[in-house]
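The structure under discussion appears below in the form of structure tokens.
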Amino acid sequence: MDLKKDVQKQFGKSADSYVSSTIHKDGKDLLKLVEMASINGEEKLLDVATGGGHTANAFAPFVKKATAVDLTPEMLAAAEKFIKGNGHQNVDFVQGDAENLPFHNEEFDIVTCRIAPHHFSNINKFVEEVQRVLKPNGQFLLDDNVVPEADEFDQFYNTIEKVRDYSHFRAWKKSEWLRLLELSGFEIEEWHRFDKTFRFDSWCNRMNLPQVEKEKLVEYMNGSSDKIKNKFRIVIEEDQIISFQGEAVVLKAIKR
């Protein structure tokens, strides 16, 4: 599928910047994800779409075995360098697709996925795969950017993300996630909403966005309604976008 090739191409060239990205390595959402997990030290954990490896790295000291899976070989190599550089020896690295995981049924106690599902073209298939590889009563810990319930806010956020990153598929509404997970046989045990402040320049630069595309984004955001500017806390100085605010959901769901 072309989108998967886009993801590999985009993240292949951005791998190192994702390891060092402040929003990925220092987010309070990552601490919350670890805090929400029920862990006794004997668990096998799978981190789907590991990216820079921050989630697998955070959980490695607390579980028996972690497996980091990613579609993009360069990402996986960057994650392995980062995690092994931190001294963790209990993490395996596997290339694989979130919508077709290369693992046996009921293999893992915990599945994590952080700041990634907005790249998946079929989240129904992804959630099915998580359900399949989890043991009964296994924990699914999800963390991703979401959009507000109002359609105009949804459209605005997904539009700017798509301009900035052609491998972006869709950030989903909170209600869409809750509905999908419950219909897929999960019980949602805990969830939190976080504000996320994006510094415009570093947000664009992380994707190596060409100047002409960056200017398109500035024009689009400058031209948006006051309602949108207020909702997304868009900070503009001398016609330049300084920052804006998005949101993320962190949740724990149990396989029933």
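Quick note on naming: the chains in the structure tokens go A, B, ... in the order shown, residues restart at 1 in each chain, and ligands are numbered from 1 in order of appearance.
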
Which of region 32-171 of chain A fall in strand (DSSP E or B), as a PyMOL selection string = chain A and resi 44-48+65-70+91-95+97+100+108-114+134-147

Exercise for the section: Might you pull out every residue within 12 Å of region 230-239 of chain A, with only C-alpha atoms counted and same-chain residues fewer than 3 positions away left off, and present them as a PyMOL selection string? Expected result: chain A and resi 147-150+152-154+156-157+160+195-200+215+217-227+242-247

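The closest residue to Val250 (chain A), picked from A:Lys65, A:Arg164, A:Arg114, A:Arg179 and counting only C-alpha atoms, is A:Arg114.
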
Taken to one decimal, the CA of Phe59 (chain A)-CA of Phe93 (chain A) distance is 14.4 Å

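Straight-line separation from CA of Gly27 (chain A) to CA of Ser202 (chain A): 15.3 Å.
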
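Nearest to Ser38 (chain A) of all the residues A:Asn124, A:Asn86, A:Gln139, A:Ser184 is A:Gln139, counting only C-alpha atoms.
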
DSSP helix (DSSP H, G or I) selection over region 65-191 of chain A, as an mmCIF file with C-alpha atoms, in the first residue's frame:
data_model
loop_
_atom_site.group_PDB
_atom_site.id
_atom_site.type_symbol
_atom_site.label_atom_id
_atom_site.label_comp_id
_atom_site.auth_asym_id
_atom_site.auth_seq_id
_atom_site.Cartn_x
_atom_site.Cartn_y
_atom_site.Cartn_z
ATOM 1 C CA PRO A 73 14.041 -0.265 9.397
ATOM 2 C CA GLU A 74 15.826 3.064 10.005
ATOM 3 C CA MET A 75 13.482 3.835 12.907
ATOM 4 C CA LEU A 76 14.089 0.412 14.406
ATOM 5 C CA ALA A 77 17.869 0.881 14.136
ATOM 6 C CA ALA A 78 17.649 4.316 15.812
ATOM 7 C CA ALA A 79 15.442 2.873 18.580
ATOM 8 C CA GLU A 80 17.840 -0.028 19.165
ATOM 9 C CA LYS A 81 20.829 2.313 19.418
ATOM 10 C CA PHE A 82 18.914 4.523 21.889
ATOM 11 C CA ILE A 83 17.573 1.688 24.079
ATOM 12 C CA LYS A 84 20.785 -0.378 24.166
ATOM 13 C CA GLY A 85 22.687 2.858 24.817
ATOM 14 C CA PRO A 117 -2.041 5.295 15.269
ATOM 15 C CA HIS A 118 -2.744 8.543 13.374
ATOM 16 C CA HIS A 119 -0.414 7.037 10.718
ATOM 17 C CA ILE A 123 -7.192 1.293 12.867
ATOM 18 C CA ASN A 124 -9.915 -1.370 12.978
ATOM 19 C CA LYS A 125 -7.346 -3.902 11.772
ATOM 20 C CA PHE A 126 -4.752 -2.545 14.206
ATOM 21 C CA VAL A 127 -7.124 -2.916 17.176
ATOM 22 C CA GLU A 128 -8.062 -6.448 15.987
ATOM 23 C CA GLU A 129 -4.360 -7.328 15.935
ATOM 24 C CA VAL A 130 -3.802 -5.922 19.426
ATOM 25 C CA GLN A 131 -6.762 -7.992 20.656
ATOM 26 C CA ARG A 132 -5.335 -11.086 18.945
ATOM 27 C CA VAL A 133 -1.786 -10.907 20.365
ATOM 28 C CA ASP A 151 -16.204 18.537 12.666
ATOM 29 C CA GLU A 152 -14.638 21.910 11.773
ATOM 30 C CA PHE A 153 -11.951 21.447 14.442
ATOM 31 C CA ASP A 154 -11.404 17.854 13.296
ATOM 32 C CA GLN A 155 -10.971 19.026 9.693
ATOM 33 C CA PHE A 156 -8.589 21.848 10.638
ATOM 34 C CA TYR A 157 -6.254 19.680 12.706
ATOM 35 C CA ASN A 158 -6.155 16.787 10.241
ATOM 36 C CA THR A 159 -5.553 19.228 7.363
ATOM 37 C CA ILE A 160 -2.511 20.882 8.959
ATOM 38 C CA GLU A 161 -1.072 17.506 9.975
ATOM 39 C CA LYS A 162 -1.474 16.170 6.431
ATOM 40 C CA VAL A 163 0.234 19.223 4.896
ATOM 41 C CA ARG A 164 3.092 18.929 7.373
ATOM 42 C CA LYS A 174 -12.069 10.617 21.515
ATOM 43 C CA SER A 175 -15.557 9.184 20.965
ATOM 44 C CA GLU A 176 -14.328 7.184 17.944
ATOM 45 C CA TRP A 177 -11.586 5.537 20.006
ATOM 46 C CA LEU A 178 -13.893 4.700 22.911
ATOM 47 C CA ARG A 179 -16.499 3.221 20.581
ATOM 48 C CA LEU A 180 -13.999 1.176 18.546
ATOM 49 C CA LEU A 181 -12.284 -0.296 21.602
ATOM 50 C CA GLU A 182 -15.522 -1.258 23.335
ATOM 51 C CA LEU A 183 -16.944 -2.801 20.154
#

| said: Just want the 12 Å neighbourhood of Ala66 (chain A), counted on only C-alpha atoms, with same-chain residues fewer than 3 positions away dropped. Output as a ChimeraX atom specification. | reply: /A:41-48,50,53,55-63,69,80,83,88-94,107-112

re CA of Leu30 (chain A) and CA of Gly52 (chain A): distance 12.9 Å
